[in-house]
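S.K.: So that you have it, the file is work.txt, and it contains compact mmCIF, C-alpha atoms:
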# COMPACT_ATOMS: atom_id res chain seq x y z
CA MET O 1 21.91 105.71 -154.42
CA THR O 2 19.21 106.26 -151.87
CA ASP O 3 21.67 108.22 -149.72
CA SER O 4 21.91 111.12 -152.15
CA ASN O 5 18.10 111.22 -152.06
CA LYS O 6 17.90 111.47 -148.31
CA ALA O 7 16.24 114.52 -146.84
CA THR O 8 18.67 116.55 -144.78
CA VAL O 9 17.68 118.83 -141.95
CA THR O 10 19.63 121.76 -140.54
CA LEU O 11 18.85 124.63 -138.18
CA PRO O 12 20.33 127.78 -139.74
CA THR O 13 19.13 130.11 -136.96
CA ASP O 14 17.22 129.92 -133.67
CA GLU O 15 13.90 130.34 -135.45
CA GLN O 16 14.49 128.25 -138.56
CA ILE O 17 14.41 124.69 -139.82
CA LEU O 18 15.78 123.95 -143.28
CA ILE O 19 14.91 120.75 -145.13
CA THR O 20 16.71 119.88 -148.37
CA ARG O 21 16.11 117.06 -150.81
CA GLU O 22 17.19 116.33 -154.37
CA PHE O 23 14.80 114.82 -156.91
CA ASP O 24 15.53 113.00 -160.14
CA ALA O 25 13.07 115.13 -162.12
CA PRO O 26 13.00 118.60 -163.67
CA ARG O 27 11.68 121.31 -161.43
CA HIS O 28 8.48 122.03 -163.32
CA LEU O 29 7.37 118.50 -162.43
CA VAL O 30 8.42 118.82 -158.80
CA PHE O 31 6.54 122.11 -158.67
CA GLU O 32 3.47 120.48 -160.22
CA ALA O 33 3.55 117.60 -157.75
CA PHE O 34 3.96 120.10 -154.95
CA THR O 35 1.07 122.38 -155.89
CA THR O 36 -1.59 120.14 -157.45
CA PRO O 37 -4.16 118.84 -154.93
CA GLU O 38 -4.69 115.36 -156.42
CA LEU O 39 -0.90 114.87 -156.57
CA VAL O 40 -0.27 116.26 -153.08
CA ARG O 41 -2.83 113.75 -151.78
CA ARG O 42 -0.58 110.97 -153.00
CA TRP O 43 2.67 111.88 -151.24
CA TRP O 44 2.13 114.32 -148.38
CA HIS O 45 0.79 111.63 -146.00
CA ALA O 46 4.21 109.94 -145.89
CA LYS O 47 2.38 106.59 -145.63
CA ARG O 48 1.19 107.48 -142.14
CA GLY O 49 -2.45 107.85 -143.00
CA GLU O 50 -4.81 109.14 -145.63
CA MET O 51 -5.28 112.70 -146.78
CA THR O 52 -8.93 113.65 -146.60
CA VAL O 53 -8.49 117.30 -147.58
CA ALA O 54 -6.02 118.92 -149.98
CA GLU O 55 -7.16 122.37 -151.01
CA ILE O 56 -4.82 124.69 -152.88
CA ASP O 57 -5.65 128.15 -154.20
CA LEU O 58 -2.24 128.94 -155.62
CA ARG O 59 -2.01 132.73 -155.80
CA PRO O 60 -0.87 135.45 -153.42
CA GLY O 61 -3.61 135.78 -150.82
CA GLY O 62 -5.04 132.38 -151.75
CA THR O 63 -5.40 129.77 -149.02
CA TRP O 64 -4.50 126.11 -148.64
CA ARG O 65 -5.58 123.38 -146.26
CA TYR O 66 -4.39 119.82 -145.75
CA VAL O 67 -6.03 117.29 -143.45
CA MET O 68 -4.76 113.80 -142.81
CA VAL O 69 -6.34 110.98 -140.83
CA THR O 70 -3.58 108.84 -139.41
CA ASP O 71 -3.82 105.07 -139.23
CA ASP O 72 -4.87 105.24 -135.56
CA GLY O 73 -7.74 107.58 -136.43
CA THR O 74 -6.20 110.87 -135.35
CA GLU O 75 -7.06 113.82 -137.57
CA VAL O 76 -4.34 116.40 -138.13
CA GLY O 77 -4.95 119.57 -140.08
CA PHE O 78 -2.81 122.41 -141.37
CA HIS O 79 -3.79 125.52 -143.25
CA GLY O 80 -2.29 128.75 -144.45
CA GLU O 81 -2.13 131.49 -147.01
CA TYR O 82 0.10 131.95 -150.03
CA ARG O 83 2.22 135.07 -149.92
CA GLU O 84 4.33 134.68 -153.01
CA VAL O 85 4.04 132.32 -155.97
CA VAL O 86 6.68 132.17 -158.71
CA PRO O 87 5.75 129.19 -160.92
CA ASN O 88 8.41 126.45 -160.96
CA GLU O 89 10.70 128.50 -158.72
CA ARG O 90 9.35 129.57 -155.40
CA VAL O 91 6.33 129.42 -153.11
CA VAL O 92 6.10 131.36 -149.87
CA SER O 93 3.17 130.48 -147.62
CA THR O 94 2.11 130.57 -144.02
CA GLU O 95 1.34 127.35 -142.14
CA THR O 96 -0.75 126.95 -139.02
CA TYR O 97 -1.22 123.68 -137.18
CA GLU O 98 -4.91 123.23 -136.34
CA GLY O 99 -4.30 121.33 -133.13
CA LEU O 100 -2.50 124.08 -131.25
CA PRO O 101 -2.50 123.62 -127.49
CA GLU O 102 -4.69 125.96 -125.48
CA GLY O 103 -3.03 129.26 -124.70
CA VAL O 104 -1.04 129.29 -127.91
CA THR O 105 -2.22 132.06 -130.22
CA GLU O 106 -2.60 131.59 -133.95
CA GLU O 107 0.29 134.00 -134.45
CA GLN O 108 2.56 132.01 -132.16
CA GLY O 109 1.61 128.81 -133.96
CA THR O 110 2.16 130.04 -137.50
CA THR O 111 5.33 129.56 -139.52
CA VAL O 112 6.28 131.13 -142.84
CA ASN O 113 7.50 128.46 -145.22
CA THR O 114 9.58 129.14 -148.31
CA ALA O 115 9.86 126.35 -150.87
CA THR O 116 12.56 126.90 -153.48
CA PHE O 117 12.96 124.72 -156.58
CA GLY O 118 16.42 124.77 -158.14
CA GLU O 119 17.26 122.75 -161.24
CA SER O 120 20.59 121.44 -162.47
CA ASN O 121 21.10 118.80 -165.17
CA GLY O 122 17.49 117.79 -165.08
CA ARG O 123 17.54 117.24 -161.32
CA THR O 124 15.77 119.41 -158.80
CA THR O 125 16.94 120.53 -155.40
CA LEU O 126 14.01 121.40 -153.21
CA THR O 127 14.69 123.49 -150.13
CA LEU O 128 12.02 124.12 -147.55
CA LEU O 129 12.79 126.87 -145.10
CA VAL O 130 10.49 126.95 -142.08
CA GLN O 131 10.62 130.32 -140.36
CA ALA O 132 9.01 130.23 -136.92
CA PRO O 133 7.92 133.42 -135.14
CA SER O 134 10.10 132.58 -132.15
CA LYS O 135 12.60 130.12 -130.83
CA GLU O 136 9.83 128.69 -128.60
CA THR O 137 7.68 127.79 -131.60
CA ARG O 138 10.64 126.29 -133.43
CA ASP O 139 11.43 124.26 -130.31
CA ALA O 140 7.83 123.06 -130.12
CA ILE O 141 8.04 121.85 -133.73
CA ILE O 142 11.25 120.05 -132.88
CA ALA O 143 9.71 118.54 -129.76
CA SER O 144 6.70 117.29 -131.74
CA GLY O 145 9.09 115.50 -134.06
CA MET O 146 10.60 113.54 -131.19
CA GLU O 147 8.69 110.33 -131.18
CA ASP O 148 10.09 107.34 -129.43
CA GLY O 149 13.62 106.65 -128.40
CA LEU O 150 14.00 109.22 -125.66
CA GLN O 151 13.28 106.57 -123.09
CA ASP O 152 16.04 104.49 -124.55
CA ALA O 153 18.84 105.08 -122.08
CA LEU O 154 21.59 103.43 -124.02
CA VAL O 155 23.04 105.15 -127.00
CA LEU O 156 25.80 103.78 -129.13
CA LEU O 157 28.40 106.08 -130.56
CA GLU O 158 27.77 104.53 -133.93
CA GLN O 159 24.18 105.65 -133.83
CA VAL O 160 25.23 109.18 -133.07
CA ALA O 161 27.77 109.17 -135.84
CA GLN O 162 25.17 107.92 -138.30
CA SER O 163 22.79 110.69 -137.41
CA LEU O 164 25.45 113.27 -138.17
CA ARG O 165 26.27 111.98 -141.64
CA MET R 1 10.24 126.60 -121.21
CA ALA R 2 13.56 125.81 -119.56
CA ARG R 3 13.69 122.36 -121.09
CA ALA R 4 13.44 123.72 -124.60
CA ALA R 5 16.04 126.39 -124.00
CA THR R 6 18.74 123.97 -122.92
CA THR R 7 18.12 121.40 -125.62
CA THR R 8 17.85 124.01 -128.35
CA ASP R 9 21.26 125.31 -127.55
CA ALA R 10 22.60 121.86 -128.26
CA PHE R 11 20.50 121.65 -131.42
CA ASN R 12 21.88 124.92 -132.66
CA ALA R 13 25.42 123.98 -131.76
CA VAL R 14 25.16 120.78 -133.74
CA ALA R 15 23.25 122.23 -136.68
CA GLU R 16 26.36 123.92 -138.10
CA PRO R 17 27.83 121.71 -140.86
CA ARG R 18 31.47 122.12 -139.74
CA ARG R 19 30.56 121.17 -136.20
CA ARG R 20 28.76 118.11 -137.52
CA GLN R 21 32.01 117.20 -139.26
CA ILE R 22 33.95 117.61 -136.02
CA LEU R 23 31.44 115.43 -134.16
CA ASP R 24 31.58 112.89 -136.93
CA THR R 25 35.35 112.72 -136.64
CA LEU R 26 35.19 112.47 -132.86
CA ALA R 27 32.76 109.58 -133.22
CA GLY R 28 35.81 107.62 -134.36
CA GLY R 29 37.55 108.29 -131.05
CA GLU R 30 39.33 110.93 -129.01
CA ARG R 31 41.31 113.51 -130.98
CA ALA R 32 43.74 116.33 -130.27
CA VAL R 33 42.97 119.75 -131.76
CA ASN R 34 45.82 119.36 -134.24
CA ASP R 35 44.42 116.05 -135.45
CA LEU R 36 41.09 117.73 -136.14
CA VAL R 37 42.80 120.62 -137.94
CA ARG R 38 44.58 118.11 -140.16
CA ASP R 39 41.62 115.78 -140.71
CA LEU R 40 39.17 118.55 -141.57
CA GLY R 41 41.50 120.91 -143.41
CA LEU R 42 40.34 123.88 -141.35
CA ALA R 43 42.34 126.64 -139.67
CA GLN R 44 43.13 126.05 -136.04
CA PRO R 45 41.29 129.12 -134.68
CA GLN R 46 38.19 127.96 -136.55
CA VAL R 47 38.40 124.46 -135.10
CA SER R 48 38.98 125.86 -131.61
CA LYS R 49 35.98 128.15 -131.96
CA HIS R 50 33.72 125.26 -132.98
CA LEU R 51 35.06 123.08 -130.17
CA ARG R 52 34.30 125.85 -127.67
CA VAL R 53 30.68 125.99 -128.83
CA LEU R 54 30.37 122.21 -128.66
CA ARG R 55 31.87 122.14 -125.17
CA GLU R 56 29.47 124.82 -123.93
CA VAL R 57 26.49 122.62 -124.75
CA GLY R 58 28.18 119.48 -123.46
CA ALA R 59 28.39 117.79 -126.86
CA VAL R 60 32.14 117.22 -126.41
CA GLU R 61 34.39 116.85 -123.41
CA MET R 62 38.01 117.89 -123.10
CA ARG R 63 40.92 116.59 -121.06
CA GLU R 64 44.50 117.78 -120.93
CA ASP R 65 47.31 115.39 -121.68
CA GLY R 66 50.52 117.30 -121.05
CA ARG R 67 50.39 120.21 -123.48
CA ARG R 68 47.77 118.56 -125.64
CA ARG R 69 44.06 119.05 -125.31
CA LEU R 70 42.13 115.94 -126.21
CA TYR R 71 38.48 116.07 -127.20
CA ARG R 72 35.92 113.32 -127.17
CA LEU R 73 32.25 112.96 -127.98
CA ASN R 74 29.73 113.05 -125.16
CA ALA R 75 27.17 110.67 -126.57
CA ALA R 76 24.59 111.20 -123.83
CA ALA R 77 24.36 114.92 -124.60
CA LEU R 78 23.77 114.19 -128.26
CA LYS R 79 21.04 111.64 -127.70
CA PRO R 80 18.11 114.09 -127.99
CA ILE R 81 19.57 115.54 -131.16
CA HIS R 82 20.16 112.11 -132.57
CA ASP R 83 16.58 111.17 -131.90
CA TRP R 84 15.15 114.35 -133.32
CA VAL R 85 17.23 114.51 -136.49
CA THR R 86 16.58 110.85 -137.12
CA SER R 87 12.82 110.98 -136.71
CA TYR R 88 12.38 114.34 -138.44
CA GLU R 89 14.54 113.38 -141.39
CA ARG R 90 12.81 110.04 -141.57
CA SER R 91 9.34 111.53 -141.74
CA TRP R 92 10.39 113.92 -144.50
CA SER R 93 12.23 111.15 -146.33
CA GLU R 94 9.13 108.97 -146.25
CA ARG R 95 7.08 111.83 -147.58
CA PHE R 96 9.56 112.55 -150.35
CA ASP R 97 9.86 108.87 -151.27
CA GLN R 98 6.15 109.03 -152.06
CA LEU R 99 6.75 112.18 -154.09
CA ASP R 100 9.38 110.28 -156.10
CA VAL R 101 6.69 107.83 -157.19
CA VAL R 102 4.46 110.67 -158.36
CA LEU R 103 7.36 112.30 -160.21
CA GLU R 104 8.18 109.09 -162.07
CA GLU R 105 4.62 109.09 -163.39
CA LEU R 106 4.81 112.73 -164.43
CA LYS R 107 8.10 112.06 -166.24
CA GLN R 108 6.54 109.09 -167.99
CA ARG R 109 3.60 111.22 -169.04
CA GLU R 110 5.97 113.78 -170.60
CA VAL R 111 7.91 111.11 -172.47
CA GLU R 112 4.69 109.70 -173.84
CA GLY R 113 3.57 113.18 -174.83
CA VAL R 114 6.77 113.69 -176.82
CA ASP R 115 6.43 110.25 -178.43
CA GLY R 116 2.90 111.06 -179.51
CA SER R 117 3.96 114.19 -181.34
CA ASP R 118 6.80 112.41 -183.10
CA GLY R 119 6.11 112.15 -186.78
Go ahead and express the file in the form of structure tokens.
M.R.:
Amino acid sequence: MTDSNKATVTLPTDEQILITREFDAPRHLVFEAFTTPELVRRWWHAKRGEMTVAEIDLRPGGTWRYVMVTDDGTEVGFHGEYREVVPNERVVSTETYEGLPEGVTEEQGTTVNTATFGESNGRTTLTLLVQAPSKETRDAIIASGMEDGLQDALVLLEQVAQSLR
Amino acid sequence: MARAATTTDAFNAVAEPRRRQILDTLAGGERAVNDLVRDLGLAQPQVSKHLRVLREVGAVEMREDGRRRLYRLNAAALKPIHDWVTSYERSWSERFDQLDVVLEELKQREVEGVDGSDG
């Protein structure tokens, strides 16, 4: 039951990350939860902290900004601009991480994200395509997602197999 | 960024759904090409092509046994991918689990709205 609701991640090209997840709700509700500040505040933090800023000006050329304070007190911010908004169907926006390391330009640190909401039998498939400007940026996003575990020298085949399911 | 370049090749190699299937099958043990063709229902040239990509990044290893070529998973090479996919998928899953809670409320609100307008 929870398995069909698992987020799946693939890498369609060198510069892309694709995240897919199915929701047991019609797409106009998923769209609403995705684009309404007071609703975004309630899920975007992934239980890792508290969202202190959720600003959304949902129109082409409008901007957005999310800031979260993690449980250890670290503040992480992201902002961007909407490029395309098709209600209940599609949102294309840029996303820039506000903690870019020195020497990384805003352009290098900005991805173009396309959220697509597809509905079938009252269920919604959300796909999030993250288009990075270069393979290096995509790799940096991947690297930032690697948390612990790398120091763990032993890996069981079962673990690998599970990750590929 | 030499580090990134080498690992990304492996990431890209593994990102392809068919290659994930091959790796999944090999997780159950060493297999000959023909076994994979049969198990996955793919054409042999296709399987061979995917195996070549996986070998290039070290995700699988091959040995010859007479005329047969046997492939097995190289778990150490897949470790970084395992870690990344796991943690990245987990963080998105946690986020979306929260979204599920919000959606349940929105659904409830709609149901109540319909009830209210019922005569």
S.K.: Put a box with edges along x, y and z around all the listed atoms of segment 34-38 of chain R, pad it by 6 Å on each side, then give me its centre and sizes in Å, one decimal, as lines of an AutoDock Vina configuration file.
M.R.:
center_x = 43.5
center_y = 118.3
center_z = -137.2
size_x = 16.7
size_y = 16.6
size_z = 17.9
S.K.: Could you please select, counting all atoms listed in the file, the residues of chain R within 9 Å of chain O and state them as an MDAnalysis selection string?
M.R.: chainID R and resid 1 4:5 7:9 11:12 14:17 20:21 23:28 73:76 78:104 106:107
S.K.: Grab the atom CA of Phe78 of chain O to atom CA of Val92 of chain O distance for me, in Å with one decimal place.
M.R.: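 Between atom CA of Phe78 of chain O and atom CA of Val92 of chain O the gap works out to 15.2 Å.
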S.K.: With a distance cut-off of 7 Å and all atoms listed in the file, select the neighbouring residues of Glu95 of chain O, excluding the residue or stretch itself and same-chain residues fewer than 5 positions from it, and output the selection as a tab-separated table (two decimals) with C-alpha atoms, keeping the file's coordinate frame.
M.R.:
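Output below, filename result.tsv:
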chain	number	residue	atom	x	y	z
O	78	PHE	CA	-2.81	122.41	-141.37
O	79	HIS	CA	-3.79	125.52	-143.25
O	80	GLY	CA	-2.29	128.75	-144.45
O	110	THR	CA	2.16	130.04	-137.50
O	111	THR	CA	5.33	129.56	-139.52
O	112	VAL	CA	6.28	131.13	-142.84
O	113	ASN	CA	7.50	128.46	-145.22
S.K.: Between O:Val53, O:Leu126, O:Leu18, O:Val69, single out the one closest to Pro37 of chain O, counting all atoms listed in the file.
M.R.: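 Looking at the shortest contact to Pro37 of chain O, the residue is O:Val53.
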S.K.: Provide the atom CA of Ser120 of chain O to atom CA of Tyr82 of chain O distance in Å, to one decimal place.
M.R.: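 These atoms are spaced 26.2 Å apart.
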S.K.: Atom CA of Val37 of chain R to atom CA of Gly66 of chain R: how many Å, to one decimal?
M.R.: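 About the pair atom CA of Val37 of chain R and atom CA of Gly66 of chain R: they are 18.9 Å apart.
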S.K.: Rank O:Pro101, O:Pro87, O:Gly122, O:Gly109 by their smallest atom-to-atom distance to Pro60 of chain O, using only C-alpha atoms, and report the top residue only.
M.R.: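 Looking only at the distances to Pro60 of chain O, the closest residue turns out to be O:Pro87.
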S.K.: Considering all atoms listed in the file, state which residue in the set O:Glu75, O:Thr70, O:Glu38, O:Glu81 is at the smallest distance from Asp57 of chain O.
M.R.: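 The shortest atom-to-atom distance to Asp57 of chain O comes from O:Glu81.
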S.K.: Which one of R:Gln108, R:Leu36, R:Arg69, R:Glu64 sits closest to His50 of chain R if you count all atoms listed in the file?
M.R.: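 Of R:Gln108, R:Leu36, R:Arg69, R:Glu64, the one nearest His50 of chain R, counting all atoms listed in the file, is R:Leu36.
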S.K.: Would you please work out which residue, of R:Leu40, R:Asn34, R:Arg72, R:Arg109, is nearest to Leu54 of chain R when using all atoms listed in the file?
M.R.: R:Arg72
